[in-house]
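Below you'll find the structure, written out as structure tokens, and then a few comments.
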Amino acid sequence: MTSQNIYILAIESSCDDTAAAVLKNDTLLSNIVATQEVHRKYGGVVPELASRAHQQNIVPVIHQAIDEANIDKKDISAIAFTKGPGLMGSLLVGTSFAKSLAMGLSVPLIEVNHMQAHILAHFIAEENFSKPGFPFLALTISGGHTQIVKVSNYFEMEVIGQTIDDAVGEAFDKSAKILGLPYPGGPLIDKYAKTGNHLAFKFTKPKVAGLDFSFSGLKTAVLYFIQKQVRENPNFIEENRDDICASIQYTIVEILMDKLKKAVKQTGIKEIAIGGGVSANSGIRKALYDAEAKYGWKTYVPKFEYTTDNAAMIGIVGYYKYLNNDFCDLSVTAQARYEI
Ligand code: KG4
Ligand code: ZN
């Protein structure tokens with residue numbers, strides 16, 4: 001390992017957050033995220049608007065990241081950026097900017113897989129947070145992803161289960177939309193579930209082989225259930241909001257935990273690290289802590305700012321790739337579908 005300090009400027013623009021961060025080795029110096037509010041009124045991310053908002057945000061976000069890190073542009077050792085997976089129009093903004101900046105500053109360029117970054121976010125140096133030991137299982141759950149990954153080393157990862165349709169965050173958000181809640185509805189379902197009875201209503205769990213997930217059936221089940229109940233009682237949602245939310249959340253957490261238990265059984269690995277926006281959910285957190293006591297698992301939940309989309313996680317991958325001399329050239333392009 002080199003004794004010199006390595007400064008990575010990282011850029012993330014795969015979905016609807018424009019983000020930039022600066023790391024000094026594995027320590028974060030700044031972490032800026034501009035969340036795009038423009039999508040709220042559409043109830044989901046509109047790709048064309050996301051791309052335009054990234055173009056507006058990217059320069060100020062990068063300036064702010066460099067300013068807050070209190071470094072000079074000439075200190076930067078390399079630029080790391082998200083190559084994919086994500087929305088093509090969004091990825092292109094970050095990729096093009098990273099390429100121009102690397103060329104302008106004459107520093108190397110490092111391409112990063114967004115899903116790998118969600119996992120390696122656990123390795124950003126943080127007081128009071130311990131890092132998972134290899135091998136571990138990573139459960140990445142967000143509005144765009146649902147994956148179980150077997151992580152043997154920093155760069156040796158195998159997807160052993162993933163969604164065949166909607167992501168788990170979509171299951172939360174689409175269910176919330178059916179209940180008339182604003183986007184993103186996941187945090188609201190979590191909030192109302194706290195005072196509801198999770199056994200009030202029963203939704204059937206999907207039957208999917210192996211370690212894969214499916215959430216589109218649940219969304220349809222919630223829709224039909226609510227339509228039927230509202231026909232009989234127009235005030236059904238208002239009168240039962242907390243119980244409905246608790247029952248939906250309970251079903252989603254059960255689906256995730258069933259597969260995680262299966263993955264532990266199959267691999268013999270009991271170190272579990274979670275990431276992605278849905279890892280903020282109190283139901284999944286409680287289920288994981290219960291599993292620690294009940295099955296002897298060891299679970300890792302990163303600091304909240306590293307669970308949702310951010311550039312710090314892109315930076316930590318950049319740092320490890322820098323140590324491996326793993327750079328790319330300026331012919332690199334964004335890639336909407338990009339396997340780990
Ligand atoms: O990682 P993230 O910020 O963005 C991506 O989708 O990549 O995740 C956002 C997702 C949304 O679907 C949101 O509803 C969900 O995470 N979410 C939650 C909670 N907080 C965020 N879902 C359930 N409970 C929460 N507390
Ligand atoms: Zn993500």
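Ordered as shown in the structure tokens, chains take letters A, B, and onward, while each chain numbers its residues from 1 and ligands are numbered from 1 in the order shown.
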
Pick out the residues no farther than 9 Å from ligand 2, counting only C-alpha atoms and all ligand atoms, and list them as an mmCIF file with N, CA, C and O atoms, in the first residue's frame.
data_model
loop_
_atom_site.group_PDB
_atom_site.id
_atom_site.type_symbol
_atom_site.label_atom_id
_atom_site.label_comp_id
_atom_site.auth_asym_id
_atom_site.auth_seq_id
_atom_site.Cartn_x
_atom_site.Cartn_y
_atom_site.Cartn_z
ATOM 1 N N SER A 14 -26.966 8.104 -10.860
ATOM 2 C CA SER A 14 -27.637 6.991 -11.557
ATOM 3 C C SER A 14 -29.152 7.100 -11.585
ATOM 4 O O SER A 14 -29.804 6.524 -12.440
ATOM 5 N N CYS A 15 -29.733 7.849 -10.638
ATOM 6 C CA CYS A 15 -31.202 7.915 -10.589
ATOM 7 C C CYS A 15 -31.644 9.376 -10.405
ATOM 8 O O CYS A 15 -31.464 10.177 -11.312
ATOM 9 N N PRO A 85 -25.482 0.234 -12.681
ATOM 10 C CA PRO A 85 -26.699 0.351 -13.472
ATOM 11 C C PRO A 85 -27.507 1.586 -13.047
ATOM 12 O O PRO A 85 -27.279 2.140 -11.986
ATOM 13 N N GLY A 86 -28.446 1.977 -13.912
ATOM 14 C CA GLY A 86 -29.274 3.138 -13.602
ATOM 15 C C GLY A 86 -29.984 3.636 -14.843
ATOM 16 O O GLY A 86 -30.043 2.946 -15.862
ATOM 17 N N HIS A 114 -22.679 0.725 -9.292
ATOM 18 C CA HIS A 114 -23.507 1.286 -8.222
ATOM 19 C C HIS A 114 -23.894 0.232 -7.167
ATOM 20 O O HIS A 114 -23.947 0.530 -5.969
ATOM 21 N N MET A 115 -24.150 -0.998 -7.610
ATOM 22 C CA MET A 115 -24.575 -2.044 -6.669
ATOM 23 C C MET A 115 -23.409 -2.493 -5.783
ATOM 24 O O MET A 115 -23.587 -2.762 -4.600
ATOM 25 N N ALA A 117 -21.091 -0.535 -4.972
ATOM 26 C CA ALA A 117 -20.881 0.606 -4.079
ATOM 27 C C ALA A 117 -21.829 0.548 -2.871
ATOM 28 O O ALA A 117 -21.415 0.839 -1.742
ATOM 29 N N HIS A 118 -23.100 0.170 -3.097
ATOM 30 C CA HIS A 118 -24.019 0.045 -1.962
ATOM 31 C C HIS A 118 -23.432 -0.915 -0.924
ATOM 32 O O HIS A 118 -23.600 -0.730 0.272
ATOM 33 N N THR A 140 -29.315 -5.699 -0.478
ATOM 34 C CA THR A 140 -29.436 -4.313 -0.958
ATOM 35 C C THR A 140 -30.884 -4.057 -1.355
ATOM 36 O O THR A 140 -31.394 -4.690 -2.280
ATOM 37 N N ILE A 141 -31.527 -3.167 -0.611
ATOM 38 C CA ILE A 141 -32.966 -2.943 -0.797
ATOM 39 C C ILE A 141 -33.254 -1.453 -0.965
ATOM 40 O O ILE A 141 -32.972 -0.657 -0.076
ATOM 41 N N SER A 142 -33.793 -1.098 -2.130
ATOM 42 C CA SER A 142 -34.111 0.322 -2.358
ATOM 43 C C SER A 142 -35.235 0.434 -3.361
ATOM 44 O O SER A 142 -35.879 -0.558 -3.694
ATOM 45 N N GLY A 143 -35.454 1.671 -3.852
ATOM 46 C CA GLY A 143 -36.499 1.888 -4.837
ATOM 47 C C GLY A 143 -36.148 1.296 -6.189
ATOM 48 O O GLY A 143 -37.006 1.079 -7.036
ATOM 49 N N GLY A 144 -34.870 1.027 -6.399
ATOM 50 C CA GLY A 144 -34.435 0.490 -7.686
ATOM 51 C C GLY A 144 -33.885 -0.922 -7.610
ATOM 52 O O GLY A 144 -33.740 -1.581 -8.637
ATOM 53 N N HIS A 145 -33.548 -1.387 -6.405
ATOM 54 C CA HIS A 145 -32.888 -2.690 -6.319
ATOM 55 C C HIS A 145 -33.390 -3.564 -5.176
ATOM 56 O O HIS A 145 -33.800 -3.057 -4.145
ATOM 57 N N GLY A 275 -28.187 -2.532 2.973
ATOM 58 C CA GLY A 275 -27.971 -1.209 2.404
ATOM 59 C C GLY A 275 -29.136 -0.836 1.506
ATOM 60 O O GLY A 275 -30.033 -1.647 1.286
ATOM 61 N N GLY A 276 -29.146 0.405 1.003
ATOM 62 C CA GLY A 276 -30.261 0.876 0.176
ATOM 63 C C GLY A 276 -31.283 1.592 1.056
ATOM 64 O O GLY A 276 -31.356 1.347 2.265
ATOM 65 N N GLY A 277 -32.076 2.467 0.450
ATOM 66 C CA GLY A 277 -33.017 3.317 1.187
ATOM 67 C C GLY A 277 -33.971 2.572 2.099
ATOM 68 O O GLY A 277 -34.321 3.064 3.179
ATOM 69 N N THR A 307 -26.823 4.772 3.264
ATOM 70 C CA THR A 307 -27.754 3.739 2.797
ATOM 71 C C THR A 307 -28.495 4.199 1.544
ATOM 72 O O THR A 307 -28.683 3.437 0.620
ATOM 73 N N THR A 308 -28.924 5.459 1.521
ATOM 74 C CA THR A 308 -29.602 5.960 0.319
ATOM 75 C C THR A 308 -28.531 6.302 -0.721
ATOM 76 O O THR A 308 -27.338 6.278 -0.404
ATOM 77 N N ASP A 309 -28.958 6.609 -1.935
ATOM 78 C CA ASP A 309 -27.962 6.884 -2.972
ATOM 79 C C ASP A 309 -27.073 8.065 -2.570
ATOM 80 O O ASP A 309 -27.571 9.105 -2.140
ATOM 81 N N ASN A 310 -25.772 7.879 -2.717
ATOM 82 C CA ASN A 310 -24.812 8.909 -2.305
ATOM 83 C C ASN A 310 -23.510 8.683 -3.062
ATOM 84 O O ASN A 310 -23.311 7.620 -3.663
#

Select from region 56-80 of chain A every residue with an atom at most 8 Å from any atom of region 28-36 of chain A, then for each give the shortest pair of atoms and their distance in Å to one decimal, using only C-alpha atoms, rows by chain and rising number, as JSON lines.
{"residue": "A:Asn57", "atom": "CA", "partner": "A:Ala34", "partner_atom": "CA", "distance": 7.0}
{"residue": "A:Val61", "atom": "CA", "partner": "A:Ile32", "partner_atom": "CA", "distance": 6.4}
{"residue": "A:Ile62", "atom": "CA", "partner": "A:Ile32", "partner_atom": "CA", "distance": 8.0}
{"residue": "A:Gln64", "atom": "CA", "partner": "A:Ile32", "partner_atom": "CA", "distance": 7.2}
{"residue": "A:Ala65", "atom": "CA", "partner": "A:Ser30", "partner_atom": "CA", "distance": 5.5}
{"residue": "A:Ile66", "atom": "CA", "partner": "A:Ser30", "partner_atom": "CA", "distance": 7.5}
{"residue": "A:Glu68", "atom": "CA", "partner": "A:Ser30", "partner_atom": "CA", "distance": 5.7}
{"residue": "A:Ala69", "atom": "CA", "partner": "A:Leu29", "partner_atom": "CA", "distance": 4.8}

Those same residues - C-alpha atoms - I'd like them written as a PDB file, in the first residue's frame.
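Written file, selection.pdb:
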ATOM      1  CA  ASN A  57     -27.061  20.347 -10.200  1.00  0.00           C
ATOM      2  CA  VAL A  61     -22.695  19.908  -6.154  1.00  0.00           C
ATOM      3  CA  ILE A  62     -19.103  19.133  -7.174  1.00  0.00           C
ATOM      4  CA  GLN A  64     -19.551  22.234  -2.807  1.00  0.00           C
ATOM      5  CA  ALA A  65     -17.986  18.797  -2.267  1.00  0.00           C
ATOM      6  CA  ILE A  66     -14.510  20.165  -3.015  1.00  0.00           C
ATOM      7  CA  GLU A  68     -16.375  21.345   2.138  1.00  0.00           C
ATOM      8  CA  ALA A  69     -13.522  18.849   1.888  1.00  0.00           C
TER       9      ALA A  69
END

Residue nearest ligand 1 among A:Ala98, A:Val301, A:Cys328, A:Ile252 (counting only C-alpha atoms and all ligand atoms):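 Looking only at the distances to ligand 1, the closest residue turns out to be A:Ile252.
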
Residue set, region 86-138 of chain A restricted to helix (DSSP H, G or I), as an NGL selection string: :A and (88-105 or 114-123)

Long-range neighbours of Pro302 (chain A) as number ranges by chain, 12 Å cut-off, only C-alpha atoms, 3 positions minimum in chain: A: 118-132, 138, 140, 272-277, 279-280, 285, 299, 305-308, 313

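Of the residues listed (A:Ile79, A:Ala287, A:Ile226, A:Val45), A:Val45 shows the shortest atom-to-atom separation from ligand 1; distances use only C-alpha atoms and all ligand atoms.
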
For Ala171 (chain A): contacts at 9 Å, only C-alpha atoms, fewer than 4 positions along chain excluded, given as a ChimeraX atom specification: /A:143,166-167,175-176,186,215-216,218-219,252

Show which residues sit within 12 Å of Ile178 (chain A), as a short mmCIF file (atom, residue, chain, number, x, y, z; two decimals) with all heavy atoms, in the first residue's frame. Count only C-alpha atoms, and ignore same-chain residues fewer than 5 positions away.
data_model
loop_
_atom_site.label_atom_id
_atom_site.label_comp_id
_atom_site.auth_asym_id
_atom_site.auth_seq_id
_atom_site.Cartn_x
_atom_site.Cartn_y
_atom_site.Cartn_z
N GLY A 43 -45.34 11.19 -8.68
CA GLY A 43 -45.46 9.92 -7.96
C GLY A 43 -44.38 8.91 -8.33
O GLY A 43 -44.53 7.72 -8.11
N GLU A 170 -40.30 -0.11 -4.48
CA GLU A 170 -41.48 0.12 -5.33
C GLU A 170 -42.72 -0.50 -4.70
O GLU A 170 -43.82 0.05 -4.82
CB GLU A 170 -41.27 -0.51 -6.71
CG GLU A 170 -40.33 0.24 -7.60
CD GLU A 170 -40.18 -0.48 -8.95
OE1 GLU A 170 -39.40 -1.43 -9.02
OE2 GLU A 170 -40.87 -0.08 -9.90
N ALA A 171 -42.54 -1.66 -4.05
CA ALA A 171 -43.67 -2.30 -3.39
C ALA A 171 -44.22 -1.36 -2.30
O ALA A 171 -45.43 -1.19 -2.15
CB ALA A 171 -43.26 -3.64 -2.79
N PHE A 172 -43.31 -0.73 -1.55
CA PHE A 172 -43.74 0.23 -0.54
C PHE A 172 -44.40 1.44 -1.20
O PHE A 172 -45.50 1.86 -0.81
CB PHE A 172 -42.53 0.72 0.28
CG PHE A 172 -42.20 -0.15 1.47
CD1 PHE A 172 -41.08 -0.96 1.47
CD2 PHE A 172 -43.00 -0.13 2.61
CE1 PHE A 172 -40.77 -1.76 2.58
CE2 PHE A 172 -42.70 -0.91 3.72
CZ PHE A 172 -41.58 -1.73 3.69
N ASP A 173 -43.73 2.01 -2.20
CA ASP A 173 -44.22 3.25 -2.81
C ASP A 173 -45.54 3.06 -3.56
O ASP A 173 -46.42 3.91 -3.50
CB ASP A 173 -43.16 3.84 -3.75
CG ASP A 173 -41.89 4.24 -3.01
OD1 ASP A 173 -41.96 4.45 -1.79
OD2 ASP A 173 -40.83 4.33 -3.66
N TYR A 183 -45.58 10.45 -2.77
CA TYR A 183 -44.32 9.78 -3.10
C TYR A 183 -43.15 10.47 -2.41
O TYR A 183 -43.13 11.69 -2.36
CB TYR A 183 -44.13 9.81 -4.62
CG TYR A 183 -42.80 9.28 -5.08
CD1 TYR A 183 -42.62 7.92 -5.27
CD2 TYR A 183 -41.73 10.15 -5.30
CE1 TYR A 183 -41.39 7.43 -5.67
CE2 TYR A 183 -40.51 9.66 -5.71
CZ TYR A 183 -40.35 8.31 -5.90
OH TYR A 183 -39.13 7.82 -6.29
N GLY A 185 -43.68 6.88 -0.67
CA GLY A 185 -44.57 6.50 0.43
C GLY A 185 -43.96 5.55 1.45
O GLY A 185 -44.54 5.33 2.52
N ILE A 189 -45.50 4.62 5.18
CA ILE A 189 -46.01 3.30 5.57
C ILE A 189 -45.33 2.88 6.87
O ILE A 189 -45.98 2.40 7.81
CB ILE A 189 -45.78 2.26 4.45
CG1 ILE A 189 -46.66 2.63 3.25
CG2 ILE A 189 -46.05 0.83 4.95
CD1 ILE A 189 -46.97 1.52 2.28
N LEU A 218 -47.88 -8.57 -4.86
CA LEU A 218 -48.32 -7.93 -3.61
C LEU A 218 -49.02 -6.60 -3.90
O LEU A 218 -50.09 -6.31 -3.36
CB LEU A 218 -47.12 -7.71 -2.68
CG LEU A 218 -47.44 -6.97 -1.38
CD1 LEU A 218 -48.38 -7.78 -0.48
CD2 LEU A 218 -46.17 -6.62 -0.60
N LYS A 219 -48.42 -5.84 -4.80
CA LYS A 219 -49.01 -4.55 -5.19
C LYS A 219 -50.43 -4.76 -5.74
O LYS A 219 -51.37 -4.05 -5.37
CB LYS A 219 -48.09 -3.92 -6.25
CG LYS A 219 -48.63 -2.75 -6.98
CD LYS A 219 -47.78 -2.46 -8.22
CE LYS A 219 -47.91 -3.56 -9.26
NZ LYS A 219 -46.89 -3.50 -10.33
N THR A 220 -50.59 -5.77 -6.60
CA THR A 220 -51.92 -6.06 -7.18
C THR A 220 -52.88 -6.53 -6.08
O THR A 220 -54.05 -6.12 -6.06
CB THR A 220 -51.79 -7.16 -8.26
OG1 THR A 220 -50.67 -6.82 -9.08
CG2 THR A 220 -53.02 -7.26 -9.11
N ALA A 221 -52.37 -7.35 -5.16
CA ALA A 221 -53.23 -7.84 -4.07
C ALA A 221 -53.72 -6.66 -3.22
O ALA A 221 -54.90 -6.61 -2.84
CB ALA A 221 -52.45 -8.83 -3.22
N VAL A 222 -52.82 -5.72 -2.94
CA VAL A 222 -53.21 -4.54 -2.14
C VAL A 222 -54.25 -3.73 -2.91
O VAL A 222 -55.28 -3.32 -2.35
CB VAL A 222 -51.96 -3.66 -1.81
CG1 VAL A 222 -52.38 -2.34 -1.19
CG2 VAL A 222 -51.01 -4.42 -0.88
N LEU A 223 -54.04 -3.56 -4.21
CA LEU A 223 -54.97 -2.78 -5.03
C LEU A 223 -56.37 -3.39 -5.00
O LEU A 223 -57.36 -2.70 -4.73
CB LEU A 223 -54.45 -2.69 -6.47
CG LEU A 223 -55.35 -1.94 -7.45
CD1 LEU A 223 -55.44 -0.46 -7.09
CD2 LEU A 223 -54.84 -2.08 -8.89
N TYR A 224 -56.47 -4.69 -5.28
CA TYR A 224 -57.79 -5.35 -5.32
C TYR A 224 -58.45 -5.33 -3.95
O TYR A 224 -59.65 -5.10 -3.83
CB TYR A 224 -57.65 -6.79 -5.83
CG TYR A 224 -57.33 -6.88 -7.31
CD1 TYR A 224 -56.87 -8.06 -7.88
CD2 TYR A 224 -57.48 -5.77 -8.14
CE1 TYR A 224 -56.56 -8.14 -9.24
CE2 TYR A 224 -57.16 -5.83 -9.50
CZ TYR A 224 -56.70 -7.02 -10.03
OH TYR A 224 -56.40 -7.07 -11.37
N PHE A 225 -57.66 -5.55 -2.93
CA PHE A 225 -58.20 -5.55 -1.56
C PHE A 225 -58.79 -4.18 -1.22
O PHE A 225 -59.92 -4.07 -0.75
CB PHE A 225 -57.07 -5.93 -0.58
CG PHE A 225 -57.43 -5.74 0.86
CD1 PHE A 225 -58.28 -6.64 1.50
CD2 PHE A 225 -56.94 -4.66 1.58
CE1 PHE A 225 -58.63 -6.46 2.84
CE2 PHE A 225 -57.27 -4.47 2.91
CZ PHE A 225 -58.12 -5.37 3.53
N ILE A 226 -58.03 -3.14 -1.50
CA ILE A 226 -58.48 -1.78 -1.17
C ILE A 226 -59.71 -1.42 -2.01
O ILE A 226 -60.70 -0.87 -1.48
CB ILE A 226 -57.34 -0.74 -1.38
CG1 ILE A 226 -56.21 -0.99 -0.38
CG2 ILE A 226 -57.85 0.69 -1.30
CD1 ILE A 226 -56.55 -0.76 1.08
N GLN A 227 -59.69 -1.73 -3.30
CA GLN A 227 -60.84 -1.41 -4.17
C GLN A 227 -62.12 -2.06 -3.63
O GLN A 227 -63.16 -1.44 -3.55
CB GLN A 227 -60.58 -1.89 -5.60
CG GLN A 227 -59.64 -0.96 -6.36
CD GLN A 227 -59.29 -1.48 -7.75
OE1 GLN A 227 -59.43 -2.67 -8.04
NE2 GLN A 227 -58.84 -0.59 -8.62
N VAL A 230 -63.20 -0.42 -0.26
CA VAL A 230 -63.69 0.94 -0.42
C VAL A 230 -65.08 0.96 -1.07
O VAL A 230 -65.89 1.84 -0.79
CB VAL A 230 -62.67 1.80 -1.21
CG1 VAL A 230 -63.26 3.14 -1.64
CG2 VAL A 230 -61.42 2.04 -0.36
N ILE A 237 -60.12 3.33 4.08
CA ILE A 237 -58.68 3.64 4.22
C ILE A 237 -58.43 4.51 5.45
O ILE A 237 -57.56 4.19 6.27
CB ILE A 237 -58.13 4.33 2.94
CG1 ILE A 237 -58.24 3.37 1.74
CG2 ILE A 237 -56.68 4.76 3.14
CD1 ILE A 237 -57.80 3.96 0.41
N ARG A 241 -56.12 2.97 8.30
CA ARG A 241 -54.81 3.29 7.72
C ARG A 241 -53.63 2.60 8.42
O ARG A 241 -52.79 1.95 7.77
CB ARG A 241 -54.60 4.80 7.74
CG ARG A 241 -53.38 5.26 6.98
CD ARG A 241 -53.07 6.70 7.27
NE ARG A 241 -52.85 6.88 8.71
CZ ARG A 241 -52.81 8.05 9.33
NH1 ARG A 241 -53.03 9.16 8.66
NH2 ARG A 241 -52.58 8.13 10.63
N ILE A 244 -53.64 -1.21 7.91
CA ILE A 244 -53.29 -1.58 6.52
C ILE A 244 -51.77 -1.45 6.34
O ILE A 244 -51.11 -2.36 5.83
CB ILE A 244 -54.01 -0.67 5.48
CG1 ILE A 244 -55.53 -0.68 5.66
CG2 ILE A 244 -53.65 -1.10 4.05
CD1 ILE A 244 -56.26 0.40 4.86
N CYS A 245 -51.22 -0.32 6.78
CA CYS A 245 -49.77 -0.10 6.62
C CYS A 245 -48.97 -1.16 7.37
O CYS A 245 -47.99 -1.70 6.84
CB CYS A 245 -49.38 1.29 7.11
SG CYS A 245 -49.97 2.60 6.02
N ILE A 248 -49.15 -4.48 5.42
CA ILE A 248 -48.33 -4.47 4.20
C ILE A 248 -46.84 -4.59 4.58
O ILE A 248 -46.11 -5.41 4.04
CB ILE A 248 -48.56 -3.16 3.39
CG1 ILE A 248 -49.99 -3.12 2.83
CG2 ILE A 248 -47.53 -3.03 2.26
CD1 ILE A 248 -50.40 -1.78 2.22
#

Nearby residues (only C-alpha atoms) at most 9 Å from Leu199 (chain A), same-chain spacing under 6 positions excluded, as an MDAnalysis selection string: chainID A and resid 243 246:247 250

Could the residues in this selection be saved with C-alpha atoms as a PDB file, in the first residue's frame?
ATOM      1  CA  ASP A 243     -53.537  -1.488  10.329  1.00  0.00           C
ATOM      2  CA  ALA A 246     -48.667  -2.485   9.394  1.00  0.00           C
ATOM      3  CA  SER A 247     -50.030  -5.487   7.474  1.00  0.00           C
ATOM      4  CA  TYR A 250     -45.208  -7.079   7.847  1.00  0.00           C
TER       5      TYR A 250
END

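If you look at CA of Lys262 (chain A) and CA of Lys294 (chain A), they are 15.0 Å away from each other.
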
Within 9 Å of Ile8 (chain A), counting only C-alpha atoms, which residues qualify if same-chain residues fewer than 3 places away don't, as a tab-separated table (two decimals) with all heavy atoms, in the first residue's frame?
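Once written, out-v9.tsv looks like this:
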chain	number	residue	atom	x	y	z
A	21	ALA	N	-18.75	13.50	-3.61
A	21	ALA	CA	-18.09	13.33	-2.31
A	21	ALA	C	-16.59	13.35	-2.51
A	21	ALA	O	-16.10	13.08	-3.60
A	21	ALA	CB	-18.51	11.99	-1.69
A	22	VAL	N	-15.88	13.69	-1.43
A	22	VAL	CA	-14.42	13.60	-1.46
A	22	VAL	C	-13.99	12.70	-0.31
A	22	VAL	O	-14.46	12.85	0.82
A	22	VAL	CB	-13.75	14.98	-1.31
A	22	VAL	CG1	-12.23	14.84	-1.24
A	22	VAL	CG2	-14.14	15.89	-2.48
A	23	LEU	N	-13.13	11.73	-0.62
A	23	LEU	CA	-12.57	10.86	0.41
A	23	LEU	C	-11.06	11.04	0.47
A	23	LEU	O	-10.42	11.20	-0.58
A	23	LEU	CB	-12.84	9.38	0.11
A	23	LEU	CG	-14.15	8.80	0.63
A	23	LEU	CD1	-15.28	9.17	-0.30
A	23	LEU	CD2	-14.06	7.28	0.75
A	24	LYS	N	-10.54	11.02	1.69
A	24	LYS	CA	-9.08	10.95	1.87
A	24	LYS	C	-8.84	9.53	2.34
A	24	LYS	O	-9.27	9.16	3.44
A	24	LYS	CB	-8.65	11.96	2.94
A	24	LYS	CG	-7.18	11.93	3.26
A	24	LYS	CD	-6.92	12.92	4.39
A	24	LYS	CE	-5.47	12.89	4.80
A	24	LYS	NZ	-5.25	13.77	5.97
A	25	ASN	N	-8.26	8.71	1.50
A	25	ASN	CA	-8.16	7.26	1.75
A	25	ASN	C	-9.57	6.71	2.01
A	25	ASN	O	-10.46	6.99	1.22
A	25	ASN	CB	-7.17	6.97	2.87
A	25	ASN	CG	-5.81	7.59	2.57
A	25	ASN	OD1	-5.37	7.54	1.42
A	25	ASN	ND2	-5.17	8.19	3.55
A	76	ILE	N	-6.56	16.30	-5.97
A	76	ILE	CA	-7.34	15.11	-6.32
A	76	ILE	C	-6.46	14.07	-7.03
A	76	ILE	O	-5.76	14.37	-8.00
A	76	ILE	CB	-8.54	15.51	-7.23
A	76	ILE	CG1	-9.50	16.40	-6.44
A	76	ILE	CG2	-9.26	14.29	-7.79
A	76	ILE	CD1	-10.57	17.09	-7.28
A	77	SER	N	-6.52	12.82	-6.51
A	77	SER	CA	-5.69	11.75	-7.08
A	77	SER	C	-6.40	11.06	-8.24
A	77	SER	O	-5.75	10.56	-9.16
A	77	SER	CB	-5.39	10.68	-6.02
A	77	SER	OG	-5.06	11.25	-4.80
A	78	ALA	N	-7.75	10.96	-8.15
A	78	ALA	CA	-8.51	10.29	-9.21
A	78	ALA	C	-9.99	10.67	-9.10
A	78	ALA	O	-10.44	11.10	-8.04
A	78	ALA	CB	-8.37	8.77	-9.11
A	79	ILE	N	-10.71	10.50	-10.21
A	79	ILE	CA	-12.15	10.75	-10.23
A	79	ILE	C	-12.85	9.40	-10.36
A	79	ILE	O	-12.56	8.64	-11.29
A	79	ILE	CB	-12.59	11.59	-11.46
A	79	ILE	CG1	-11.67	12.80	-11.68
A	79	ILE	CG2	-14.07	11.96	-11.39
A	79	ILE	CD1	-11.97	14.02	-10.91
A	80	ALA	N	-13.77	9.11	-9.43
A	80	ALA	CA	-14.57	7.89	-9.52
A	80	ALA	C	-16.01	8.28	-9.87
A	80	ALA	O	-16.51	9.29	-9.39
A	80	ALA	CB	-14.54	7.14	-8.19
A	315	GLY	N	-17.06	6.69	-3.83
A	315	GLY	CA	-15.68	7.05	-3.48
A	315	GLY	C	-14.92	5.92	-2.81
A	315	GLY	O	-13.73	5.73	-3.09
A	316	ILE	N	-15.58	5.15	-1.96
A	316	ILE	CA	-14.86	4.07	-1.26
A	316	ILE	C	-14.48	2.97	-2.26
A	316	ILE	O	-13.39	2.41	-2.18
A	316	ILE	CB	-15.65	3.53	-0.03
A	316	ILE	CG1	-14.75	2.62	0.83
A	316	ILE	CG2	-16.91	2.80	-0.41
A	316	ILE	CD1	-13.75	3.33	1.66
A	318	GLY	N	-13.89	3.62	-5.36
A	318	GLY	CA	-12.81	4.29	-6.08
A	318	GLY	C	-11.48	4.12	-5.35
A	318	GLY	O	-10.44	3.85	-5.97
A	319	TYR	N	-11.52	4.27	-4.03
A	319	TYR	CA	-10.29	4.14	-3.23
A	319	TYR	C	-9.70	2.73	-3.37
A	319	TYR	O	-8.51	2.57	-3.65
A	319	TYR	CB	-10.61	4.47	-1.77
A	319	TYR	CG	-9.50	4.13	-0.82
A	319	TYR	CD1	-8.27	4.81	-0.87
A	319	TYR	CD2	-9.65	3.14	0.15
A	319	TYR	CE1	-7.24	4.51	0.00
A	319	TYR	CE2	-8.63	2.82	1.03
A	319	TYR	CZ	-7.42	3.51	0.95
A	319	TYR	OH	-6.41	3.19	1.82
A	322	TYR	N	-8.32	2.23	-6.77
A	322	TYR	CA	-7.08	2.99	-6.92
A	322	TYR	C	-5.91	2.16	-6.39
A	322	TYR	O	-4.85	2.06	-7.03
A	322	TYR	CB	-7.18	4.32	-6.17
A	322	TYR	CG	-6.04	5.27	-6.44
A	322	TYR	CD1	-6.20	6.33	-7.33
A	322	TYR	CD2	-4.80	5.13	-5.81
A	322	TYR	CE1	-5.16	7.21	-7.59
A	322	TYR	CE2	-3.76	5.99	-6.06
A	322	TYR	CZ	-3.94	7.04	-6.95
A	322	TYR	OH	-2.90	7.91	-7.21

Among the residues A:Ile71, A:Val264, A:Leu188, A:Ile11, the one that comes closest to ligand 1 [using only C-alpha atoms and all ligand atoms]: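 Of the candidates, the smallest distance to ligand 1 is held by A:Leu188.
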
Residue with smallest distance to ligand 1 - pool A:Gln56, A:Thr146, A:Ser214, A:Thr267, counting only C-alpha atoms and all ligand atoms: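 Distance minimum relative to ligand 1 lands on A:Thr146.
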
Length of the CA of Tyr42 (chain A) to CA of Gly94 (chain A) vector [Å]: 23.7 Å

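The set of residues in region 272-327 of chain A assigned to strand (DSSP E) by DSSP, using only backbone atoms of this structure, is Ile272, Ala273, Ile274, Gly275, Lys298, Thr299 and Tyr300 of chain A.
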
CA of Ile314 (chain A) to CA of Asn70 (chain A), straight-line distance in Å: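 Those two atoms sit 19.4 Å apart.
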
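Nearest residue to Gln249 (chain A), choosing from A:Ala50, A:Leu87, A:Ile110, A:Ala193 and counting only C-alpha atoms: A:Ala193.
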
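Restricting the calculation to only C-alpha atoms and all ligand atoms, the smallest distance between ligand 1 and any of A:Gly104, A:Pro60, A:Pro182, A:Pro206 is found for A:Pro182.
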